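S.K.: This is my_file17.txt, which holds compact mmCIF, C-alpha atoms:
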# COMPACT_ATOMS: atom_id res chain seq x y z
CA MET A 1 -30.21 37.67 24.33
CA CYS A 2 -28.06 34.94 22.74
CA SER A 3 -29.48 32.65 20.08
CA SER A 4 -29.51 28.90 20.56
CA LYS A 5 -26.89 26.73 18.88
CA SER A 6 -29.46 25.33 16.44
CA GLU A 7 -30.54 28.83 15.44
CA ASN A 8 -26.92 29.84 14.83
CA LEU A 9 -26.32 26.79 12.64
CA SER A 10 -29.47 27.46 10.65
CA TYR A 11 -28.45 31.09 10.18
CA LYS A 12 -25.02 30.12 8.89
CA LYS A 13 -26.56 27.67 6.45
CA THR A 14 -28.66 30.38 4.81
CA LEU A 15 -25.50 32.45 4.23
CA TYR A 16 -23.72 29.71 2.25
CA VAL A 17 -23.38 31.22 -1.21
CA ILE A 18 -21.00 29.94 -3.89
CA GLU A 19 -19.60 31.65 -6.95
CA PRO A 20 -19.85 30.45 -10.55
CA SER A 21 -17.09 27.86 -10.50
CA VAL A 22 -16.35 24.14 -10.76
CA TYR A 23 -16.26 22.31 -7.43
CA ILE A 24 -14.56 18.92 -7.68
CA VAL A 25 -16.09 17.05 -4.75
CA GLY A 26 -15.12 13.71 -3.23
CA ALA A 27 -18.32 11.78 -2.54
CA GLY A 28 -16.64 9.18 -0.35
CA PRO A 29 -16.85 5.39 -0.79
CA GLY A 30 -20.64 5.12 -1.01
CA ASP A 31 -22.29 5.89 2.31
CA PRO A 32 -23.95 9.33 1.93
CA ASP A 33 -23.39 9.94 5.67
CA LEU A 34 -19.62 9.99 5.03
CA LEU A 35 -19.82 13.12 2.87
CA THR A 36 -17.98 16.07 4.37
CA VAL A 37 -20.07 18.97 5.67
CA LYS A 38 -18.67 21.17 2.90
CA ALA A 39 -19.66 18.62 0.26
CA GLN A 40 -23.21 18.56 1.61
CA LYS A 41 -23.40 22.36 1.60
CA LEU A 42 -22.18 22.55 -1.99
CA LEU A 43 -24.65 19.91 -3.17
CA ALA A 44 -27.47 21.79 -1.46
CA VAL A 45 -26.86 25.02 -3.37
CA ALA A 46 -25.09 24.15 -6.67
CA ASP A 47 -26.89 24.88 -9.93
CA VAL A 48 -25.45 21.91 -11.81
CA ILE A 49 -24.32 18.44 -10.67
CA LEU A 50 -22.09 16.31 -12.88
CA PHE A 51 -22.80 12.89 -11.43
CA ALA A 52 -20.53 9.86 -11.89
CA ASP A 53 -23.56 7.60 -11.69
CA SER A 54 -21.76 4.26 -12.10
CA LEU A 55 -19.72 4.83 -8.93
CA ILE A 56 -21.88 7.00 -6.66
CA PRO A 57 -25.24 5.99 -5.10
CA GLU A 58 -28.42 7.73 -6.19
CA GLN A 59 -29.25 8.67 -2.57
CA ILE A 60 -26.64 11.42 -2.66
CA LEU A 61 -28.79 13.27 -5.20
CA GLU A 62 -31.41 13.71 -2.49
CA LEU A 63 -29.12 16.36 -1.00
CA CYS A 64 -29.26 18.48 -4.16
CA ARG A 65 -31.60 21.35 -4.98
CA LYS A 66 -34.86 20.15 -6.48
CA ASP A 67 -34.29 22.37 -9.50
CA ALA A 68 -30.59 21.53 -9.95
CA GLU A 69 -29.52 20.30 -13.37
CA ILE A 70 -28.34 16.69 -12.96
CA ILE A 71 -26.02 15.41 -15.69
CA ARG A 72 -25.03 11.74 -15.61
CA THR A 73 -21.51 11.12 -16.89
CA ALA A 74 -20.92 7.35 -16.70
CA ASN A 75 -21.04 7.03 -20.49
CA GLN A 76 -19.24 10.30 -21.29
CA THR A 77 -15.60 11.07 -22.08
CA LEU A 78 -13.61 14.02 -20.75
CA GLU A 79 -13.95 15.64 -24.18
CA GLU A 80 -17.73 15.60 -23.68
CA ILE A 81 -17.68 16.62 -20.02
CA LEU A 82 -15.26 19.57 -20.25
CA PRO A 83 -17.40 21.70 -22.63
CA ILE A 84 -20.33 21.29 -20.23
CA MET A 85 -18.22 22.65 -17.36
CA ILE A 86 -17.00 25.60 -19.42
CA ASP A 87 -20.47 26.43 -20.76
CA ARG A 88 -22.25 26.33 -17.41
CA VAL A 89 -19.63 28.39 -15.58
CA ARG A 90 -18.49 30.86 -18.25
CA SER A 91 -21.57 31.28 -20.42
CA GLN A 92 -24.39 30.64 -17.95
CA HIS A 93 -22.59 31.89 -14.79
CA LYS A 94 -23.64 28.83 -12.81
CA SER A 95 -22.03 26.90 -9.97
CA LEU A 96 -21.17 23.30 -10.86
CA VAL A 97 -20.29 20.34 -8.67
CA ARG A 98 -18.32 17.55 -10.30
CA LEU A 99 -18.91 14.54 -8.03
CA HIS A 100 -16.18 11.89 -7.86
CA SER A 101 -16.25 8.71 -5.82
CA GLY A 102 -13.88 8.41 -2.88
CA ASP A 103 -11.27 11.14 -2.53
CA PRO A 104 -10.31 13.18 -5.62
CA SER A 105 -6.60 12.82 -4.86
CA LEU A 106 -6.69 9.04 -5.45
CA TYR A 107 -7.37 7.40 -8.82
CA SER A 108 -10.04 9.93 -9.79
CA ALA A 109 -8.61 11.26 -13.07
CA ILE A 110 -8.85 14.89 -11.95
CA HIS A 111 -5.27 15.70 -12.95
CA GLU A 112 -6.15 16.28 -16.59
CA GLN A 113 -9.45 17.97 -15.70
CA MET A 114 -7.69 20.58 -13.55
CA HIS A 115 -5.12 21.32 -16.24
CA LEU A 116 -7.81 21.82 -18.89
CA LEU A 117 -9.94 23.98 -16.60
CA ALA A 118 -6.91 26.12 -15.78
CA GLU A 119 -6.08 26.50 -19.49
CA ALA A 120 -9.67 27.63 -20.11
CA ASN A 121 -9.47 30.10 -17.18
CA ILE A 122 -12.34 28.35 -15.39
CA PRO A 123 -12.06 28.71 -11.60
CA PHE A 124 -12.21 25.44 -9.66
CA GLU A 125 -11.85 24.12 -6.14
CA VAL A 126 -11.18 20.60 -4.87
CA ILE A 127 -13.04 19.28 -1.82
CA PRO A 128 -11.58 16.09 -0.30
CA GLY A 129 -13.60 12.99 0.54
CA ILE A 130 -13.22 9.83 2.57
CA SER A 131 -11.25 7.19 0.69
CA ALA A 132 -12.21 3.52 0.59
CA PHE A 133 -9.15 2.48 2.61
CA GLN A 134 -10.22 4.77 5.46
CA ALA A 135 -13.81 3.54 5.42
CA ALA A 136 -12.62 -0.06 5.24
CA ALA A 137 -10.28 0.35 8.23
CA ALA A 138 -13.19 1.83 10.20
CA LYS A 139 -15.45 -1.10 9.27
CA LEU A 140 -12.69 -3.55 10.24
CA LYS A 141 -12.12 -1.62 13.48
CA VAL A 142 -8.36 -1.52 12.98
CA GLU A 143 -5.59 1.03 13.01
CA LEU A 144 -3.28 0.52 10.05
CA THR A 145 -0.27 2.00 11.89
CA VAL A 146 0.27 -0.09 15.02
CA PRO A 147 3.35 0.83 17.12
CA SER A 148 6.20 -1.69 16.95
CA LEU A 149 4.34 -3.57 14.21
CA VAL A 150 3.75 -1.36 11.18
CA GLN A 151 4.11 2.41 10.75
CA THR A 152 3.66 2.93 7.01
CA ILE A 153 0.67 2.80 4.67
CA ILE A 154 1.16 2.29 0.94
CA LEU A 155 -1.69 3.08 -1.46
CA THR A 156 -1.14 1.52 -4.86
CA ARG A 157 -2.48 -0.64 -7.69
CA ILE A 158 -1.14 -3.33 -9.98
CA SER A 159 -0.40 -2.67 -13.65
CA GLY A 160 -3.33 -3.28 -15.94
CA ARG A 161 -4.77 -1.16 -18.74
CA THR A 162 -3.11 1.73 -16.92
CA GLU A 163 0.59 1.00 -16.49
CA VAL A 164 2.33 1.51 -13.16
CA PRO A 165 5.84 3.06 -13.30
CA ALA A 166 8.59 0.44 -13.07
CA THR A 167 9.86 1.96 -9.82
CA GLU A 168 6.41 1.34 -8.27
CA GLU A 169 6.06 -2.30 -9.31
CA LEU A 170 4.00 -4.19 -6.74
CA ALA A 171 6.66 -6.70 -5.70
CA SER A 172 9.13 -3.92 -4.89
CA LEU A 173 6.53 -2.11 -2.74
CA ALA A 174 5.64 -5.37 -1.01
CA ALA A 175 9.25 -5.63 0.16
CA HIS A 176 8.47 -2.95 2.76
CA GLN A 177 5.84 -5.21 4.37
CA ALA A 178 3.84 -2.07 5.21
CA SER A 179 0.06 -1.85 5.45
CA LEU A 180 -0.59 -2.04 1.72
CA CYS A 181 -3.91 -0.88 0.27
CA LEU A 182 -4.39 -2.22 -3.22
CA TYR A 183 -6.89 -0.48 -5.49
CA LEU A 184 -8.21 -1.38 -8.95
CA SER A 185 -6.63 -4.84 -9.00
CA ALA A 186 -9.41 -7.44 -8.72
CA ARG A 187 -9.18 -8.35 -12.42
CA HIS A 188 -5.50 -9.18 -11.93
CA VAL A 189 -5.77 -10.79 -8.51
CA GLU A 190 -3.70 -13.92 -9.27
CA ASN A 191 -0.79 -11.81 -10.50
CA ALA A 192 -1.15 -9.49 -7.49
CA GLN A 193 -1.14 -12.39 -5.04
CA ALA A 194 1.99 -13.88 -6.60
CA LYS A 195 3.86 -10.57 -6.34
CA LEU A 196 2.76 -9.98 -2.75
CA LEU A 197 3.84 -13.48 -1.72
CA GLU A 198 7.38 -12.67 -2.80
CA HIS A 199 7.72 -10.67 0.43
CA TYR A 200 4.71 -11.11 2.72
CA PRO A 201 4.33 -14.42 4.60
CA ALA A 202 1.53 -16.59 3.23
CA GLU A 203 -0.43 -16.30 6.48
CA THR A 204 -0.45 -12.48 6.42
CA PRO A 205 -4.08 -11.40 6.89
CA ILE A 206 -5.73 -9.62 3.99
CA ALA A 207 -9.08 -7.87 3.93
CA ILE A 208 -11.03 -8.11 0.69
CA CYS A 209 -13.43 -5.16 0.69
CA PHE A 210 -16.15 -4.96 -1.97
CA ARG A 211 -18.27 -1.81 -2.45
CA ILE A 212 -17.47 -0.36 0.96
CA GLY A 213 -20.25 1.94 2.16
CA TRP A 214 -22.90 0.49 -0.17
CA PRO A 215 -25.87 -1.62 1.01
CA ASP A 216 -24.35 -4.72 -0.65
CA GLU A 217 -20.83 -4.30 0.74
CA LYS A 218 -18.81 -7.43 1.50
CA ILE A 219 -15.70 -7.78 3.67
CA LYS A 220 -13.74 -11.01 3.87
CA VAL A 221 -10.54 -11.45 5.91
CA VAL A 222 -8.41 -14.38 4.72
CA PRO A 223 -4.72 -15.36 4.62
CA LEU A 224 -2.79 -13.85 1.73
CA ASN A 225 -2.41 -17.20 0.00
CA GLU A 226 -6.23 -17.39 -0.31
CA MET A 227 -6.59 -13.90 -1.81
CA ALA A 228 -7.20 -14.99 -5.42
CA GLU A 229 -9.37 -17.99 -4.53
CA CYS A 230 -11.69 -15.91 -2.32
CA THR A 231 -11.94 -13.11 -4.90
CA GLN A 232 -12.90 -15.55 -7.63
CA LYS A 233 -15.33 -17.45 -5.41
CA GLU A 234 -17.13 -14.18 -4.59
CA LYS A 235 -17.03 -13.19 -8.31
CA LEU A 236 -15.43 -9.81 -7.58
CA ILE A 237 -14.08 -8.01 -10.63
CA ARG A 238 -14.45 -4.31 -9.77
CA THR A 239 -15.00 -1.84 -6.89
CA THR A 240 -12.79 -4.02 -4.68
CA LEU A 241 -10.08 -2.86 -2.29
CA TYR A 242 -7.49 -5.15 -0.73
CA ILE A 243 -5.77 -4.33 2.56
CA ILE A 244 -2.70 -6.43 3.28
CA SER A 245 -1.39 -5.81 6.78
CA THR A 246 -0.20 -7.43 9.98
CA ALA A 247 -2.38 -4.78 11.66
CA LEU A 248 -5.35 -7.00 10.78
CA SER A 249 -4.05 -9.65 13.16
CA THR A 250 -4.57 -9.78 16.92
CA ALA A 251 -1.02 -8.55 17.60
CA LYS A 252 -0.87 -5.81 20.23
CA GLY A 253 1.09 -2.57 20.22
CA ARG A 254 0.87 0.63 22.23
CA SER A 255 1.48 4.21 21.20
CA ARG A 256 3.84 6.29 23.33
CA LEU A 257 1.50 9.27 23.05
CA TYR A 258 -0.79 8.29 25.94
CA HIS A 259 1.70 6.18 27.86
CA PRO A 260 2.09 7.31 31.51
CA GLU A 261 5.89 7.39 31.13
CA HIS A 262 5.78 9.62 28.04
CA ASN A 263 6.09 13.37 28.64
CA HIS A 264 5.25 16.06 26.08
CA LEU A 265 4.26 19.71 25.82
CA PHE A 266 0.82 19.20 27.37
CA ARG A 267 1.83 16.59 29.96
CA SER A 268 5.07 17.35 31.80
CA GLU A 269 6.70 15.33 34.56
Have the structure of the file written as C-alpha cells, please.

M.R.:
Amino acid sequence: MCSSKSENLSYKKTLYVIEPSVYIVGAGPGDPDLLTVKAQKLLAVADVILFADSLIPEQILELCRKDAEIIRTANQTLEEILPIMIDRVRSQHKSLVRLHSGDPSLYSAIHEQMHLLAEANIPFEVIPGISAFQAAAAKLKVELTVPSLVQTIILTRISGRTEVPATEELASLAAHQASLCLYLSARHVENAQAKLLEHYPAETPIAICFRIGWPDEKIKVVPLNEMAECTQKEKLIRTTLYIISTALSTAKGRSRLYHPEHNHLFRSE
C-alpha cells in the first residue's frame, strides 16, 4: 500500500543529514518565507549558525535546532569569524551555516571567505537565496525584461568606500538604459541621480525600495529627477535598493513565447 504524499515528505525530512562543513546560505531579503527549501533544511539540522544579525531578521532563528550554537557576527571581522568556522568544522566535527542576507553571489563578501576556507582545507557549499531586486520586482508586480521595451538587467552600485572599477562607472552603465538595479548607494544618492540623468530621461520611473521583505519595508515610485529628494525626505541611508526602468511604467509589450503565431518545439503549426 502506497504512503500518502505528506508521509513521504516527512520521511524524506528525517533522512536529511549533513556532513561537518561550512554551508554559506543566502537568507533572502528579509521575509523568512522566501528562504529556499534547502536553506530551511540546513537551518533545521546544523550544529552552529553564524548569524549576520544586523541584516537578517531574528525570526529566521526560529527554524534552527533548539540546541544549535548561535553566534552573532555583526560586530566581528573576517579574522574573528574564520577561526570559528575552522574550529567548529575541523576540531569539533560540526556542521556550520554561515547566514548571509540576500543572495551570496551579490555584495556578500564571500569571495575572500571561500578562498580562506579552501586554503584551510575546510569543505564548504554555497546555497543561493532570493536577492532584493527579485523580491522588489515581485512586490512591484513588474517584469524587468519587457519585450520591445527593455531586455537587459544591470545589477550595480556607485563608488563609495568600496571603489567601482572605472569600466563599470555608473554613467557608462546608464548609457544602456537597461533595467538598472542600484545597490548600496543611498548615502551617495545625489551623485547617483546626476550620473543616471546623463542618459535616462528625467521622467523615467524609479522604485526606491527600503528593507524589502521586512515588516517596515517602504516602496516609493517616483520620476528619476526626484530620486534624491525622496530618499532624503524618507531619511534612507542604508538597506535601500533602487530600480530604474521603463518597465515600471504602464507601457505594454508581449513575449513571442505564448503568441499564437509563434511556433516552437512544443507547439508546431

S.K.: A:Pro83: which residues within 12 Å, counting all atoms listed in the file, same-chain residues fewer than 5 positions away excluded, as a VMD selection string?

M.R.: chain A and resid 76 to 78 88 to 91 113 116 to 117 120 122

S.K.: Given all atoms listed in the file as the basis, pick out the residue of A:Ile70, A:Ala194, A:Ile127, A:Met85 nearest to A:Gly26.

M.R.: A:Ile127

S.K.: Using all atoms listed in the file, determine which residues lie at most 10 Å from A:Gln40, disregarding the query and same-chain residues fewer than 6 positions distant; provide the list as a ChimeraX atom specification.

M.R.: /A:25,27,32-34,60,63-64

S.K.: For the residues selected in the previous step, produce a file with C-alpha atoms as a PDB file, in the frame of the given file.

M.R.:
ATOM      1  CA  VAL A  25     -16.090  17.050  -4.750  1.00  0.00           C
ATOM      2  CA  ALA A  27     -18.320  11.780  -2.540  1.00  0.00           C
ATOM      3  CA  PRO A  32     -23.950   9.330   1.930  1.00  0.00           C
ATOM      4  CA  ASP A  33     -23.390   9.940   5.670  1.00  0.00           C
ATOM      5  CA  LEU A  34     -19.620   9.990   5.030  1.00  0.00           C
ATOM      6  CA  ILE A  60     -26.640  11.420  -2.660  1.00  0.00           C
ATOM      7  CA  LEU A  63     -29.120  16.360  -1.000  1.00  0.00           C
ATOM      8  CA  CYS A  64     -29.260  18.480  -4.160  1.00  0.00           C
TER       9      CYS A  64
END

S.K.: Using all atoms listed in the file, what residues lie at most 12 Å away from (-30.2, 12.0, -6.8) (file coordinates), given as a list in words?

M.R.: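 Protein and nucleic acid residues near the point are Pro32, Leu43, Ala44, Ile49, Leu50, Phe51, Ala52, Asp53, Ile56, Pro57, Glu58, Gln59, Ile60, Leu61, Glu62, Leu63, Cys64, Arg65, Lys66, Asp67, Ala68, Glu69, Ile70, Ile71, Arg72 and Leu99 of chain A.
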
S.K.: Could you please determine the separation between atom CA of A:Ile153 and atom CA of A:Lys233 in Å, to one decimal place?

M.R.: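 The value is 27.7 Å.
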
S.K.: Between atom CA of A:Ser179 and atom CA of A:Val221, what distance in Å does the model show, to one decimal?

M.R.: 14.3 Å

S.K.: Quick one: residues within 10 Å of A:Leu140, all atoms listed in the file, excluding same-chain residues fewer than 6 positions away - as a VMD selection string?

M.R.: chain A and resid 134 207 209 219 to 221 248

S.K.: Go ahead and compute the interatomic distance for atom CA of A:Glu203 and atom CA of A:Asn225, in Å to one decimal.

M.R.: 6.8 Å

S.K.: Could you list, as a list in words, every residue within 9 Å of A:Gly129, counting all atoms listed in the file and ignoring same-chain residues fewer than 5 positions away?

M.R.: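 Those residues are Val25, Gly26, Ala27, Gly28, Pro29, Leu34, Leu35, Thr36, Ala39, His100, Ser101, Gly102, Asp103, Pro104 and Ser105 of chain A.
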
S.K.: Give the answer as one residue: which of A:Ala137, A:Leu96, A:Val45, A:Val17 has the shortest atom-to-atom distance to A:Ile84, using all atoms listed in the file?

M.R.: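 Nearest candidate to A:Ile84 out of A:Ala137, A:Leu96, A:Val45, A:Val17: A:Leu96.
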
S.K.: Check the smallest atom-to-atom distance from each of A:Tyr242, A:Tyr200, A:Phe124, A:Phe210 to A:Thr156 using all atoms listed in the file, then report the winner.

M.R.: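 Closest residue, counting all atoms listed in the file: A:Tyr242.
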
S.K.: For A:Ala178, which of A:Ala202, A:Ala135, A:Ala247, A:Ile86 is the closest residue, counting all atoms listed in the file?

M.R.: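 Comparing A:Ala202, A:Ala135, A:Ala247, A:Ile86 against A:Ala178, the winner is A:Ala247.
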
S.K.: Which residue gives the smallest distance to A:Ile244 among A:Met114, A:Leu144, A:Ile130, A:Ile81, with only C-alpha atoms counted?

M.R.: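 Selected residue with least distance to A:Ile244: A:Leu144.
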
S.K.: Neighbours of A:Leu197 within 12 Å (only C-alpha atoms; same-chain residues fewer than 4 positions away dropped), as a list in words?

M.R.: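 The contact residues come out as Leu170, Ala171, Ser172, Leu173, Ala174, Ala175, Gln177, Glu190, Asn191, Ala192, Gln193, Pro201, Ala202, Glu203, Thr204, Pro205, Ile206, Pro223, Leu224, Asn225, Glu226, Met227, Ala228 and Ile244 of chain A.
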
S.K.: Please, could you write that set of residues out with C-alpha atoms as a PDB file, in the coordinates of the input?

M.R.:
ATOM      1  CA  LEU A 170       4.000  -4.190  -6.740  1.00  0.00           C
ATOM      2  CA  ALA A 171       6.660  -6.700  -5.700  1.00  0.00           C
ATOM      3  CA  SER A 172       9.130  -3.920  -4.890  1.00  0.00           C
ATOM      4  CA  LEU A 173       6.530  -2.110  -2.740  1.00  0.00           C
ATOM      5  CA  ALA A 174       5.640  -5.370  -1.010  1.00  0.00           C
ATOM      6  CA  ALA A 175       9.250  -5.630   0.160  1.00  0.00           C
ATOM      7  CA  GLN A 177       5.840  -5.210   4.370  1.00  0.00           C
ATOM      8  CA  GLU A 190      -3.700 -13.920  -9.270  1.00  0.00           C
ATOM      9  CA  ASN A 191      -0.790 -11.810 -10.500  1.00  0.00           C
ATOM     10  CA  ALA A 192      -1.150  -9.490  -7.490  1.00  0.00           C
ATOM     11  CA  GLN A 193      -1.140 -12.390  -5.040  1.00  0.00           C
ATOM     12  CA  PRO A 201       4.330 -14.420   4.600  1.00  0.00           C
ATOM     13  CA  ALA A 202       1.530 -16.590   3.230  1.00  0.00           C
ATOM     14  CA  GLU A 203      -0.430 -16.300   6.480  1.00  0.00           C
ATOM     15  CA  THR A 204      -0.450 -12.480   6.420  1.00  0.00           C
ATOM     16  CA  PRO A 205      -4.080 -11.400   6.890  1.00  0.00           C
ATOM     17  CA  ILE A 206      -5.730  -9.620   3.990  1.00  0.00           C
ATOM     18  CA  PRO A 223      -4.720 -15.360   4.620  1.00  0.00           C
ATOM     19  CA  LEU A 224      -2.790 -13.850   1.730  1.00  0.00           C
ATOM     20  CA  ASN A 225      -2.410 -17.200   0.000  1.00  0.00           C
ATOM     21  CA  GLU A 226      -6.230 -17.390  -0.310  1.00  0.00           C
ATOM     22  CA  MET A 227      -6.590 -13.900  -1.810  1.00  0.00           C
ATOM     23  CA  ALA A 228      -7.200 -14.990  -5.420  1.00  0.00           C
ATOM     24  CA  ILE A 244      -2.700  -6.430   3.280  1.00  0.00           C
TER      25      ILE A 244
END

S.K.: For A:Ala74, which residue among A:Ala186, A:Leu55, A:Ile212, A:Ala132 is the nearest when counting only C-alpha atoms?

M.R.: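 When distances to A:Ala74 are compared using only C-alpha atoms, the smallest one comes from A:Leu55.
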